[in-house]
Every structure is written in C-alpha cells, then in structure tokens.
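Asks: Sharing entry20.cif, mmCIF, N, CA and C atoms:
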data_run
loop_
_atom_site.label_atom_id
_atom_site.label_comp_id
_atom_site.auth_asym_id
_atom_site.auth_seq_id
_atom_site.Cartn_x
_atom_site.Cartn_y
_atom_site.Cartn_z
N MET A 1 -1.04 -7.49 -11.37
CA MET A 1 -1.60 -6.21 -10.97
C MET A 1 -2.28 -5.56 -12.16
N SER A 2 -3.32 -4.87 -11.91
CA SER A 2 -4.08 -4.18 -12.95
C SER A 2 -3.15 -3.34 -13.83
N PRO A 3 -3.30 -3.43 -15.15
CA PRO A 3 -2.42 -2.66 -16.03
C PRO A 3 -2.63 -1.15 -15.90
N HIS A 4 -3.70 -0.77 -15.23
CA HIS A 4 -3.99 0.65 -15.05
C HIS A 4 -3.20 1.28 -13.93
N CYS A 5 -2.54 0.48 -13.12
CA CYS A 5 -1.87 0.98 -11.93
C CYS A 5 -0.36 0.96 -12.10
N ASP A 6 0.29 1.90 -11.43
CA ASP A 6 1.74 2.00 -11.46
C ASP A 6 2.29 1.40 -10.18
N CYS A 7 3.09 0.35 -10.31
CA CYS A 7 3.65 -0.34 -9.15
C CYS A 7 5.12 0.01 -8.99
N ARG A 8 5.48 0.40 -7.79
CA ARG A 8 6.88 0.69 -7.46
C ARG A 8 7.17 0.09 -6.10
N ASP A 9 7.84 -1.04 -6.11
CA ASP A 9 8.18 -1.76 -4.89
C ASP A 9 6.90 -2.08 -4.12
N VAL A 10 6.71 -1.51 -2.94
CA VAL A 10 5.52 -1.80 -2.12
C VAL A 10 4.49 -0.67 -2.19
N HIS A 11 4.62 0.19 -3.21
CA HIS A 11 3.67 1.29 -3.44
C HIS A 11 2.91 1.01 -4.73
N ILE A 12 1.60 1.18 -4.69
CA ILE A 12 0.80 1.05 -5.91
C ILE A 12 -0.01 2.32 -6.08
N ASN A 13 0.10 2.90 -7.27
CA ASN A 13 -0.63 4.13 -7.56
C ASN A 13 -1.68 3.85 -8.63
N CYS A 14 -2.94 3.89 -8.20
CA CYS A 14 -4.08 3.70 -9.10
C CYS A 14 -4.93 4.98 -9.15
N THR A 15 -4.32 6.12 -8.88
CA THR A 15 -5.03 7.39 -8.82
C THR A 15 -5.60 7.76 -10.19
N GLY A 16 -6.89 8.12 -10.20
CA GLY A 16 -7.54 8.64 -11.41
C GLY A 16 -7.54 7.69 -12.58
N ARG A 17 -7.70 6.41 -12.34
CA ARG A 17 -7.66 5.41 -13.42
C ARG A 17 -9.04 4.91 -13.83
N GLY A 18 -10.10 5.54 -13.30
CA GLY A 18 -11.45 5.13 -13.68
C GLY A 18 -11.87 3.80 -13.10
N LEU A 19 -11.22 3.37 -12.04
CA LEU A 19 -11.53 2.07 -11.43
C LEU A 19 -12.89 2.10 -10.71
N THR A 20 -13.61 1.01 -10.83
CA THR A 20 -14.87 0.86 -10.09
C THR A 20 -14.73 -0.21 -9.00
N HIS A 21 -13.59 -0.91 -8.98
CA HIS A 21 -13.29 -1.93 -7.98
C HIS A 21 -11.84 -1.76 -7.52
N VAL A 22 -11.59 -2.07 -6.27
CA VAL A 22 -10.21 -2.15 -5.81
C VAL A 22 -9.62 -3.40 -6.47
N PRO A 23 -8.47 -3.27 -7.12
CA PRO A 23 -7.89 -4.44 -7.80
C PRO A 23 -7.70 -5.62 -6.85
N VAL A 24 -8.25 -6.76 -7.22
CA VAL A 24 -8.18 -7.95 -6.37
C VAL A 24 -6.83 -8.65 -6.46
N ASP A 25 -6.06 -8.32 -7.49
CA ASP A 25 -4.77 -8.96 -7.66
C ASP A 25 -3.62 -8.16 -7.05
N ALA A 26 -3.94 -7.18 -6.21
CA ALA A 26 -2.91 -6.39 -5.54
C ALA A 26 -2.11 -7.31 -4.61
N GLU A 27 -0.81 -7.20 -4.67
CA GLU A 27 0.07 -8.03 -3.85
C GLU A 27 -0.17 -7.74 -2.37
N LYS A 28 -0.16 -8.77 -1.56
CA LYS A 28 -0.42 -8.59 -0.13
C LYS A 28 0.71 -7.86 0.58
N GLU A 29 1.88 -7.70 -0.06
CA GLU A 29 3.00 -7.00 0.54
C GLU A 29 2.89 -5.48 0.42
N ILE A 30 1.89 -4.98 -0.28
CA ILE A 30 1.72 -3.55 -0.48
C ILE A 30 1.62 -2.83 0.87
N THR A 31 2.31 -1.69 0.97
CA THR A 31 2.18 -0.88 2.18
C THR A 31 1.55 0.49 1.89
N TRP A 32 1.68 0.97 0.67
CA TRP A 32 1.08 2.26 0.28
C TRP A 32 0.18 2.01 -0.93
N PHE A 33 -1.10 2.39 -0.80
CA PHE A 33 -2.07 2.15 -1.87
C PHE A 33 -2.80 3.46 -2.16
N TYR A 34 -2.56 4.00 -3.35
CA TYR A 34 -3.20 5.25 -3.78
C TYR A 34 -4.37 4.89 -4.70
N LEU A 35 -5.58 5.13 -4.23
CA LEU A 35 -6.78 4.81 -5.00
C LEU A 35 -7.67 6.04 -5.20
N GLY A 36 -7.12 7.21 -5.01
CA GLY A 36 -7.90 8.44 -5.12
C GLY A 36 -8.44 8.69 -6.51
N SER A 37 -9.52 9.46 -6.58
CA SER A 37 -10.12 9.92 -7.85
C SER A 37 -10.53 8.78 -8.77
N ASN A 38 -11.19 7.78 -8.19
CA ASN A 38 -11.81 6.70 -8.95
C ASN A 38 -13.30 6.70 -8.62
N ASN A 39 -13.98 5.60 -8.80
CA ASN A 39 -15.40 5.51 -8.46
C ASN A 39 -15.64 4.18 -7.73
N LEU A 40 -15.14 4.09 -6.51
CA LEU A 40 -15.17 2.84 -5.76
C LEU A 40 -16.37 2.72 -4.82
N SER A 41 -17.21 3.71 -4.77
CA SER A 41 -18.28 3.77 -3.78
C SER A 41 -19.17 2.54 -3.73
N GLU A 42 -19.57 2.04 -4.86
CA GLU A 42 -20.56 0.96 -4.90
C GLU A 42 -19.98 -0.43 -4.65
N THR A 43 -18.67 -0.57 -4.70
CA THR A 43 -18.10 -1.91 -4.68
C THR A 43 -17.31 -2.26 -3.42
N MET A 44 -17.06 -1.30 -2.55
CA MET A 44 -16.29 -1.61 -1.35
C MET A 44 -17.17 -2.33 -0.32
N ASN A 45 -16.60 -3.37 0.29
CA ASN A 45 -17.34 -4.14 1.30
C ASN A 45 -16.37 -4.68 2.35
N ASN A 46 -16.83 -5.56 3.19
CA ASN A 46 -15.99 -6.07 4.27
C ASN A 46 -14.89 -7.02 3.80
N GLN A 47 -14.88 -7.38 2.54
CA GLN A 47 -13.83 -8.24 1.98
C GLN A 47 -12.81 -7.45 1.16
N THR A 48 -13.07 -6.19 0.87
CA THR A 48 -12.24 -5.40 -0.03
C THR A 48 -10.77 -5.35 0.38
N PHE A 49 -10.51 -5.14 1.65
CA PHE A 49 -9.12 -4.94 2.10
C PHE A 49 -8.60 -6.11 2.94
N ILE A 50 -9.32 -7.21 2.96
CA ILE A 50 -9.00 -8.32 3.86
C ILE A 50 -7.59 -8.88 3.67
N HIS A 51 -7.09 -8.88 2.44
CA HIS A 51 -5.76 -9.43 2.18
C HIS A 51 -4.64 -8.38 2.20
N LEU A 52 -4.98 -7.15 2.54
CA LEU A 52 -4.00 -6.06 2.51
C LEU A 52 -3.63 -5.59 3.91
N ASP A 53 -3.38 -6.53 4.80
CA ASP A 53 -3.16 -6.20 6.20
C ASP A 53 -1.80 -5.55 6.49
N ARG A 54 -1.00 -5.34 5.47
CA ARG A 54 0.29 -4.67 5.66
C ARG A 54 0.24 -3.18 5.31
N LEU A 55 -0.92 -2.71 4.85
CA LEU A 55 -1.04 -1.31 4.47
C LEU A 55 -0.72 -0.38 5.63
N ILE A 56 0.06 0.67 5.32
CA ILE A 56 0.27 1.73 6.30
C ILE A 56 -0.31 3.06 5.80
N TYR A 57 -0.60 3.14 4.49
CA TYR A 57 -1.19 4.34 3.90
C TYR A 57 -2.24 3.92 2.89
N LEU A 58 -3.45 4.49 3.01
CA LEU A 58 -4.53 4.17 2.08
C LEU A 58 -5.24 5.45 1.68
N ASP A 59 -5.20 5.77 0.39
CA ASP A 59 -5.85 6.96 -0.15
C ASP A 59 -7.12 6.54 -0.88
N LEU A 60 -8.26 6.91 -0.30
CA LEU A 60 -9.57 6.67 -0.92
C LEU A 60 -10.28 8.00 -1.20
N SER A 61 -9.53 9.06 -1.34
CA SER A 61 -10.11 10.38 -1.56
C SER A 61 -10.78 10.46 -2.93
N ASN A 62 -11.77 11.35 -3.04
CA ASN A 62 -12.45 11.62 -4.31
C ASN A 62 -12.99 10.37 -5.00
N ASN A 63 -13.72 9.56 -4.26
CA ASN A 63 -14.27 8.32 -4.81
C ASN A 63 -15.79 8.23 -4.73
N SER A 64 -16.46 9.32 -4.40
CA SER A 64 -17.93 9.34 -4.28
C SER A 64 -18.43 8.35 -3.23
N ILE A 65 -17.63 8.07 -2.22
CA ILE A 65 -18.03 7.12 -1.17
C ILE A 65 -19.12 7.77 -0.32
N VAL A 66 -20.25 7.07 -0.19
CA VAL A 66 -21.38 7.61 0.57
C VAL A 66 -21.53 6.96 1.94
N TYR A 67 -20.92 5.79 2.15
CA TYR A 67 -21.10 5.09 3.41
C TYR A 67 -19.92 4.16 3.66
N LEU A 68 -19.50 4.08 4.92
CA LEU A 68 -18.45 3.14 5.31
C LEU A 68 -19.11 2.00 6.06
N LEU A 69 -18.97 0.80 5.56
CA LEU A 69 -19.53 -0.36 6.25
C LEU A 69 -18.77 -0.61 7.55
N PRO A 70 -19.47 -0.77 8.66
CA PRO A 70 -18.79 -1.10 9.90
C PRO A 70 -17.94 -2.36 9.72
N GLY A 71 -16.68 -2.28 10.12
CA GLY A 71 -15.78 -3.42 9.99
C GLY A 71 -15.05 -3.51 8.67
N MET A 72 -15.30 -2.58 7.76
CA MET A 72 -14.69 -2.63 6.42
C MET A 72 -13.16 -2.58 6.49
N PHE A 73 -12.63 -1.90 7.50
CA PHE A 73 -11.19 -1.75 7.63
C PHE A 73 -10.62 -2.64 8.74
N ALA A 74 -11.37 -3.64 9.17
CA ALA A 74 -11.04 -4.44 10.36
C ALA A 74 -9.67 -5.12 10.31
N THR A 75 -9.16 -5.43 9.13
CA THR A 75 -7.87 -6.13 9.04
C THR A 75 -6.68 -5.17 8.87
N LEU A 76 -6.95 -3.89 8.83
CA LEU A 76 -5.89 -2.91 8.55
C LEU A 76 -5.27 -2.37 9.84
N TRP A 77 -4.86 -3.26 10.70
CA TRP A 77 -4.34 -2.89 12.02
C TRP A 77 -3.03 -2.10 11.97
N GLN A 78 -2.29 -2.16 10.86
CA GLN A 78 -1.03 -1.41 10.74
C GLN A 78 -1.21 -0.05 10.08
N LEU A 79 -2.40 0.22 9.55
CA LEU A 79 -2.63 1.45 8.80
C LEU A 79 -2.34 2.67 9.66
N SER A 80 -1.56 3.59 9.11
CA SER A 80 -1.19 4.81 9.82
C SER A 80 -1.98 6.02 9.31
N VAL A 81 -2.27 6.05 8.00
CA VAL A 81 -3.01 7.17 7.41
C VAL A 81 -4.14 6.62 6.55
N LEU A 82 -5.35 7.14 6.80
CA LEU A 82 -6.52 6.82 5.98
C LEU A 82 -7.06 8.14 5.44
N ASP A 83 -7.00 8.31 4.12
CA ASP A 83 -7.43 9.55 3.48
C ASP A 83 -8.78 9.31 2.80
N LEU A 84 -9.81 9.91 3.36
CA LEU A 84 -11.18 9.80 2.82
C LEU A 84 -11.72 11.18 2.43
N HIS A 85 -10.84 12.16 2.21
CA HIS A 85 -11.33 13.50 1.93
C HIS A 85 -12.05 13.58 0.57
N ASN A 86 -12.95 14.55 0.47
CA ASN A 86 -13.72 14.82 -0.75
C ASN A 86 -14.50 13.62 -1.26
N ASN A 87 -15.21 12.96 -0.36
CA ASN A 87 -16.17 11.93 -0.74
C ASN A 87 -17.56 12.47 -0.46
N GLN A 88 -18.54 11.61 -0.34
CA GLN A 88 -19.91 12.05 -0.09
C GLN A 88 -20.46 11.44 1.19
N LEU A 89 -19.59 11.32 2.18
CA LEU A 89 -19.99 10.76 3.46
C LEU A 89 -20.89 11.75 4.20
N THR A 90 -22.04 11.27 4.66
CA THR A 90 -22.93 12.11 5.46
C THR A 90 -23.13 11.51 6.85
N ARG A 91 -22.78 10.24 7.02
CA ARG A 91 -22.96 9.54 8.29
C ARG A 91 -21.73 8.69 8.58
N LEU A 92 -21.30 8.74 9.84
CA LEU A 92 -20.26 7.83 10.32
C LEU A 92 -20.92 6.94 11.35
N ALA A 93 -21.13 5.69 10.98
CA ALA A 93 -21.84 4.73 11.83
C ALA A 93 -20.92 4.14 12.89
N ASN A 94 -21.52 3.56 13.91
CA ASN A 94 -20.75 2.83 14.92
C ASN A 94 -19.90 1.78 14.23
N GLY A 95 -18.63 1.71 14.59
CA GLY A 95 -17.75 0.69 14.01
C GLY A 95 -17.16 1.03 12.66
N SER A 96 -17.36 2.26 12.19
CA SER A 96 -16.84 2.66 10.88
C SER A 96 -15.34 2.47 10.76
N PHE A 97 -14.62 2.62 11.88
CA PHE A 97 -13.17 2.56 11.84
C PHE A 97 -12.60 1.43 12.69
N THR A 98 -13.41 0.41 12.94
CA THR A 98 -12.97 -0.76 13.70
C THR A 98 -11.73 -1.38 13.08
N GLY A 99 -10.74 -1.66 13.91
CA GLY A 99 -9.51 -2.30 13.44
C GLY A 99 -8.37 -1.35 13.16
N LEU A 100 -8.65 -0.06 13.18
CA LEU A 100 -7.62 0.91 12.81
C LEU A 100 -6.89 1.49 14.03
N ALA A 101 -6.39 0.62 14.86
CA ALA A 101 -5.76 1.03 16.11
C ALA A 101 -4.47 1.83 15.91
N SER A 102 -3.82 1.73 14.76
CA SER A 102 -2.56 2.42 14.52
C SER A 102 -2.71 3.73 13.76
N VAL A 103 -3.92 4.09 13.36
CA VAL A 103 -4.12 5.30 12.56
C VAL A 103 -3.72 6.55 13.34
N LYS A 104 -2.85 7.33 12.71
CA LYS A 104 -2.42 8.62 13.27
C LYS A 104 -3.00 9.78 12.48
N GLY A 105 -3.37 9.53 11.23
CA GLY A 105 -3.95 10.56 10.38
C GLY A 105 -5.21 10.05 9.73
N LEU A 106 -6.33 10.72 10.00
CA LEU A 106 -7.62 10.37 9.42
C LEU A 106 -8.16 11.63 8.76
N HIS A 107 -8.27 11.61 7.44
CA HIS A 107 -8.64 12.81 6.68
C HIS A 107 -10.06 12.68 6.13
N LEU A 108 -10.95 13.47 6.69
CA LEU A 108 -12.37 13.41 6.33
C LEU A 108 -12.87 14.74 5.77
N GLN A 109 -12.00 15.72 5.58
CA GLN A 109 -12.44 17.02 5.11
C GLN A 109 -13.06 16.90 3.71
N GLY A 110 -13.99 17.81 3.42
CA GLY A 110 -14.66 17.79 2.12
C GLY A 110 -15.83 16.85 2.04
N ASN A 111 -16.22 16.23 3.14
CA ASN A 111 -17.43 15.42 3.22
C ASN A 111 -18.50 16.27 3.88
N LYS A 112 -19.73 15.84 3.84
CA LYS A 112 -20.82 16.57 4.47
C LYS A 112 -21.40 15.72 5.60
N ILE A 113 -20.56 15.44 6.59
CA ILE A 113 -20.96 14.57 7.70
C ILE A 113 -22.00 15.27 8.56
N GLU A 114 -23.19 14.69 8.61
CA GLU A 114 -24.30 15.24 9.38
C GLU A 114 -24.59 14.41 10.62
N VAL A 115 -24.32 13.10 10.53
CA VAL A 115 -24.60 12.18 11.64
C VAL A 115 -23.31 11.50 12.06
N LEU A 116 -23.00 11.64 13.33
CA LEU A 116 -21.82 11.02 13.91
C LEU A 116 -22.30 10.16 15.07
N GLU A 117 -22.40 8.84 14.82
CA GLU A 117 -22.90 7.95 15.86
C GLU A 117 -21.88 7.85 17.00
N THR A 118 -22.38 7.57 18.19
CA THR A 118 -21.60 7.59 19.43
C THR A 118 -20.31 6.80 19.35
N MET A 119 -20.33 5.65 18.74
CA MET A 119 -19.15 4.76 18.69
C MET A 119 -18.48 4.75 17.31
N ALA A 120 -18.67 5.79 16.53
CA ALA A 120 -18.09 5.84 15.18
C ALA A 120 -16.57 5.74 15.20
N PHE A 121 -15.93 6.39 16.16
CA PHE A 121 -14.47 6.40 16.23
C PHE A 121 -13.93 5.39 17.22
N TYR A 122 -14.75 4.46 17.67
CA TYR A 122 -14.33 3.48 18.67
C TYR A 122 -13.12 2.68 18.18
N GLY A 123 -12.12 2.56 19.03
CA GLY A 123 -10.93 1.80 18.70
C GLY A 123 -9.81 2.64 18.11
N LEU A 124 -10.10 3.88 17.77
CA LEU A 124 -9.07 4.76 17.22
C LEU A 124 -8.41 5.57 18.32
N ASP A 125 -7.11 5.74 18.22
CA ASP A 125 -6.40 6.70 19.05
C ASP A 125 -6.17 7.90 18.14
N ILE A 126 -7.16 8.76 18.08
CA ILE A 126 -7.18 9.81 17.06
C ILE A 126 -6.74 11.18 17.56
N ALA A 127 -6.00 11.20 18.63
CA ALA A 127 -5.58 12.47 19.19
C ALA A 127 -4.62 13.23 18.29
N GLU A 128 -3.91 12.53 17.40
CA GLU A 128 -2.87 13.20 16.64
C GLU A 128 -3.36 14.03 15.46
N ASP A 129 -4.11 13.45 14.53
CA ASP A 129 -4.42 14.18 13.31
C ASP A 129 -5.73 13.69 12.69
N VAL A 130 -6.83 14.32 13.09
CA VAL A 130 -8.12 14.04 12.47
C VAL A 130 -8.58 15.32 11.81
N ARG A 131 -8.90 15.25 10.55
CA ARG A 131 -9.32 16.44 9.82
C ARG A 131 -10.73 16.24 9.28
N LEU A 132 -11.66 16.99 9.86
CA LEU A 132 -13.05 16.92 9.40
C LEU A 132 -13.33 18.03 8.40
N GLU A 133 -12.66 19.15 8.54
CA GLU A 133 -12.87 20.28 7.62
C GLU A 133 -11.56 20.86 7.22
#
Take the structure in the file and give it back as structure tokens.

Replies:
Amino acid sequence: MSPHCDCRDVHINCTGRGLTHVPVDAEKEITWFYLGSNNLSETMNNQTFIHLDRLIYLDLSNNSIVYLLPGMFATLWQLSVLDLHNNQLTRLANGSFTGLASVKGLHLQGNKIEVLETMAFYGLDIAEDVRLE
C-alpha cells in the first residue's frame, strides 16, 4: 500500500496526501476508502475501481473531479455511500452511476451541476439520501 496512506484493517485513509492516482496496490478486501482532498480528476477511468468490488464507503470529495465516466463505478455493487461533494462536476451523464445498486447515500453538494441527463441516476435506488446542495 502507498506509504502515504494510513491502513487500519479494511479501512484506508489517503485523505489530503497529494495523490494524483488512486493507489493501484490497494488490497481488494478494503471496504472503506477515504480519498478526499487529493487531485484525482485527470486519472480516474473505468479501470480505477475494478478490483475494489468490496467497497461500501468511498470518499472522493474535494478532488477537482470535472466528469464521471459512464460505467466508472460499475463494479462497486456493494457500495453504500459515495461522497463526491466539493468537486467541479457540471454534468451528470447517462450511466454516471451504473452499478451502484446498493448506494443509500450519494453526496453531490458543492458541485455546480448544470446538466442532468435523463438516465444519469439509472440503476440507483436513491430515495434515501441524495444531497445536491
């Protein structure tokens, strides 16, 4: 695991470590991944989280993220909370949250979302806790 991150059992805290990439050597058993306050915007893609299918909590807040690739979270079927607050999202494209059938908390406040495509939330049961502002 990256020497910049603090590992405690199945929790990894990489908050504010100046990371530009999600650590590729993160153990697949991780369930809580704190990646807030880094600069991951340019490097996240459809392979970023492919081996982390056990995640139940993912913090991507304050990362200057400008766009979510459709299908980027497709393997995170167990994820319960996705924190994307205080990024630079202006558009949520169709399929932005594909695969996140278990999400109960989706935090999008602090973004400047101007375009919300018709199928952006497709596949989510988001009745419980969605925060846009």

Asks: Care to translate the PyMOL selection byres (((chain A and resi 111 and name CA) around 7) and name CA) into actual residues of this file, as a PyMOL selection string?

Replies: chain A and resi 85-90+108-110+112-113

Asks: Could you check how far atom N of A:Asp83 sits from atom N of A:Gly105, in Å to one decimal?

Replies: 8.1 Å

Asks: Quick one: distance from atom C of A:His107 to atom CA of A:Arg8 in Å, one decimal?

Replies: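 Separating atom C of A:His107 from atom CA of A:Arg8 is a distance of 24.8 Å.
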
Asks: Quick check on the file I pasted: which residues fall under the PyMOL selection byres ((chain A and resi 38) around 7)? Write them as a ChimeraX atom specification.

Replies: /A:14-20,35-37,39-41,61-64

Asks: Write a file of the just-selected residues containing N, CA and C atoms, as a compact mmCIF listing (two decimals), in the frame of the given file.

Replies:
# COMPACT_ATOMS: atom_id res chain seq x y z
N CYS A 14 -2.94 3.89 -8.20
CA CYS A 14 -4.08 3.70 -9.10
C CYS A 14 -4.93 4.98 -9.15
N THR A 15 -4.32 6.12 -8.88
CA THR A 15 -5.03 7.39 -8.82
C THR A 15 -5.60 7.76 -10.19
N GLY A 16 -6.89 8.12 -10.20
CA GLY A 16 -7.54 8.64 -11.41
C GLY A 16 -7.54 7.69 -12.58
N ARG A 17 -7.70 6.41 -12.34
CA ARG A 17 -7.66 5.41 -13.42
C ARG A 17 -9.04 4.91 -13.83
N GLY A 18 -10.10 5.54 -13.30
CA GLY A 18 -11.45 5.13 -13.68
C GLY A 18 -11.87 3.80 -13.10
N LEU A 19 -11.22 3.37 -12.04
CA LEU A 19 -11.53 2.07 -11.43
C LEU A 19 -12.89 2.10 -10.71
N THR A 20 -13.61 1.01 -10.83
CA THR A 20 -14.87 0.86 -10.09
C THR A 20 -14.73 -0.21 -9.00
N LEU A 35 -5.58 5.13 -4.23
CA LEU A 35 -6.78 4.81 -5.00
C LEU A 35 -7.67 6.04 -5.20
N GLY A 36 -7.12 7.21 -5.01
CA GLY A 36 -7.90 8.44 -5.12
C GLY A 36 -8.44 8.69 -6.51
N SER A 37 -9.52 9.46 -6.58
CA SER A 37 -10.12 9.92 -7.85
C SER A 37 -10.53 8.78 -8.77
N ASN A 39 -13.98 5.60 -8.80
CA ASN A 39 -15.40 5.51 -8.46
C ASN A 39 -15.64 4.18 -7.73
N LEU A 40 -15.14 4.09 -6.51
CA LEU A 40 -15.17 2.84 -5.76
C LEU A 40 -16.37 2.72 -4.82
N SER A 41 -17.21 3.71 -4.77
CA SER A 41 -18.28 3.77 -3.78
C SER A 41 -19.17 2.54 -3.73
N SER A 61 -9.53 9.06 -1.34
CA SER A 61 -10.11 10.38 -1.56
C SER A 61 -10.78 10.46 -2.93
N ASN A 62 -11.77 11.35 -3.04
CA ASN A 62 -12.45 11.62 -4.31
C ASN A 62 -12.99 10.37 -5.00
N ASN A 63 -13.72 9.56 -4.26
CA ASN A 63 -14.27 8.32 -4.81
C ASN A 63 -15.79 8.23 -4.73
N SER A 64 -16.46 9.32 -4.40
CA SER A 64 -17.93 9.34 -4.28
C SER A 64 -18.43 8.35 -3.23

Asks: Can you work out which one of A:Met44, A:Leu79, A:Met72, A:Leu92 has the shortest atom-to-atom distance to A:Leu58, counting only N, CA and C atoms?

Replies: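 Going through A:Met44, A:Leu79, A:Met72, A:Leu92 one by one, the smallest distance to A:Leu58 is for A:Leu79.
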
Asks: With DSSP run on the backbone, what are the strand (DSSP E or B) residues within stretch 22-91 of chain A? I'd like them as a PyMOL selection string.

Replies: chain A and resi 32-34+57-59+81-83+91

Asks: Please extract stretch 90-102 of chain A and write it out with N, CA, C and O atoms, as an mmCIF file, in the first residue's frame.

Replies:
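Listed below is the output, result33.cif:
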data_model
loop_
_atom_site.group_PDB
_atom_site.id
_atom_site.type_symbol
_atom_site.label_atom_id
_atom_site.label_comp_id
_atom_site.auth_asym_id
_atom_site.auth_seq_id
_atom_site.Cartn_x
_atom_site.Cartn_y
_atom_site.Cartn_z
ATOM 1 N N THR A 90 -20.120 19.542 -13.449
ATOM 2 C CA THR A 90 -21.137 20.415 -14.036
ATOM 3 C C THR A 90 -22.167 19.600 -14.813
ATOM 4 O O THR A 90 -23.236 20.093 -15.133
ATOM 5 N N ARG A 91 -21.843 18.348 -15.124
ATOM 6 C CA ARG A 91 -22.723 17.485 -15.906
ATOM 7 C C ARG A 91 -22.724 16.087 -15.304
ATOM 8 O O ARG A 91 -21.683 15.553 -14.955
ATOM 9 N N LEU A 92 -23.923 15.519 -15.215
ATOM 10 C CA LEU A 92 -24.055 14.108 -14.850
ATOM 11 C C LEU A 92 -24.615 13.408 -16.075
ATOM 12 O O LEU A 92 -25.778 13.604 -16.440
ATOM 13 N N ALA A 93 -23.775 12.628 -16.723
ATOM 14 C CA ALA A 93 -24.140 11.955 -17.973
ATOM 15 C C ALA A 93 -24.930 10.681 -17.708
ATOM 16 O O ALA A 93 -24.910 10.141 -16.601
ATOM 17 N N ASN A 94 -25.614 10.197 -18.733
ATOM 18 C CA ASN A 94 -26.299 8.912 -18.646
ATOM 19 C C ASN A 94 -25.293 7.848 -18.225
ATOM 20 O O ASN A 94 -24.189 7.784 -18.758
ATOM 21 N N GLY A 95 -25.664 7.033 -17.257
ATOM 22 C CA GLY A 95 -24.778 5.950 -16.820
ATOM 23 C C GLY A 95 -23.705 6.348 -15.832
ATOM 24 O O GLY A 95 -22.842 5.545 -15.502
ATOM 25 N N SER A 96 -23.749 7.583 -15.333
ATOM 26 C CA SER A 96 -22.726 8.045 -14.384
ATOM 27 C C SER A 96 -22.626 7.159 -13.154
ATOM 28 O O SER A 96 -21.546 7.004 -12.580
ATOM 29 N N PHE A 97 -23.747 6.570 -12.743
ATOM 30 C CA PHE A 97 -23.766 5.793 -11.512
ATOM 31 C C PHE A 97 -24.132 4.330 -11.745
ATOM 32 O O PHE A 97 -24.573 3.635 -10.834
ATOM 33 N N THR A 98 -23.915 3.848 -12.958
ATOM 34 C CA THR A 98 -24.185 2.450 -13.295
ATOM 35 C C THR A 98 -23.434 1.515 -12.358
ATOM 36 O O THR A 98 -22.241 1.719 -12.110
ATOM 37 N N GLY A 99 -24.143 0.519 -11.835
ATOM 38 C CA GLY A 99 -23.524 -0.473 -10.959
ATOM 39 C C GLY A 99 -23.702 -0.205 -9.482
ATOM 40 O O GLY A 99 -23.379 -1.044 -8.656
ATOM 41 N N LEU A 100 -24.212 0.961 -9.142
ATOM 42 C CA LEU A 100 -24.307 1.339 -7.729
ATOM 43 C C LEU A 100 -25.689 1.043 -7.140
ATOM 44 O O LEU A 100 -26.307 1.888 -6.504
ATOM 45 N N ALA A 101 -26.140 -0.165 -7.307
ATOM 46 C CA ALA A 101 -27.487 -0.550 -6.877
ATOM 47 C C ALA A 101 -27.683 -0.502 -5.360
ATOM 48 O O ALA A 101 -28.810 -0.405 -4.883
ATOM 49 N N SER A 102 -26.617 -0.556 -4.577
ATOM 50 C CA SER A 102 -26.740 -0.571 -3.116
ATOM 51 C C SER A 102 -26.541 0.791 -2.469
ATOM 52 O O SER A 102 -26.623 0.914 -1.247
#
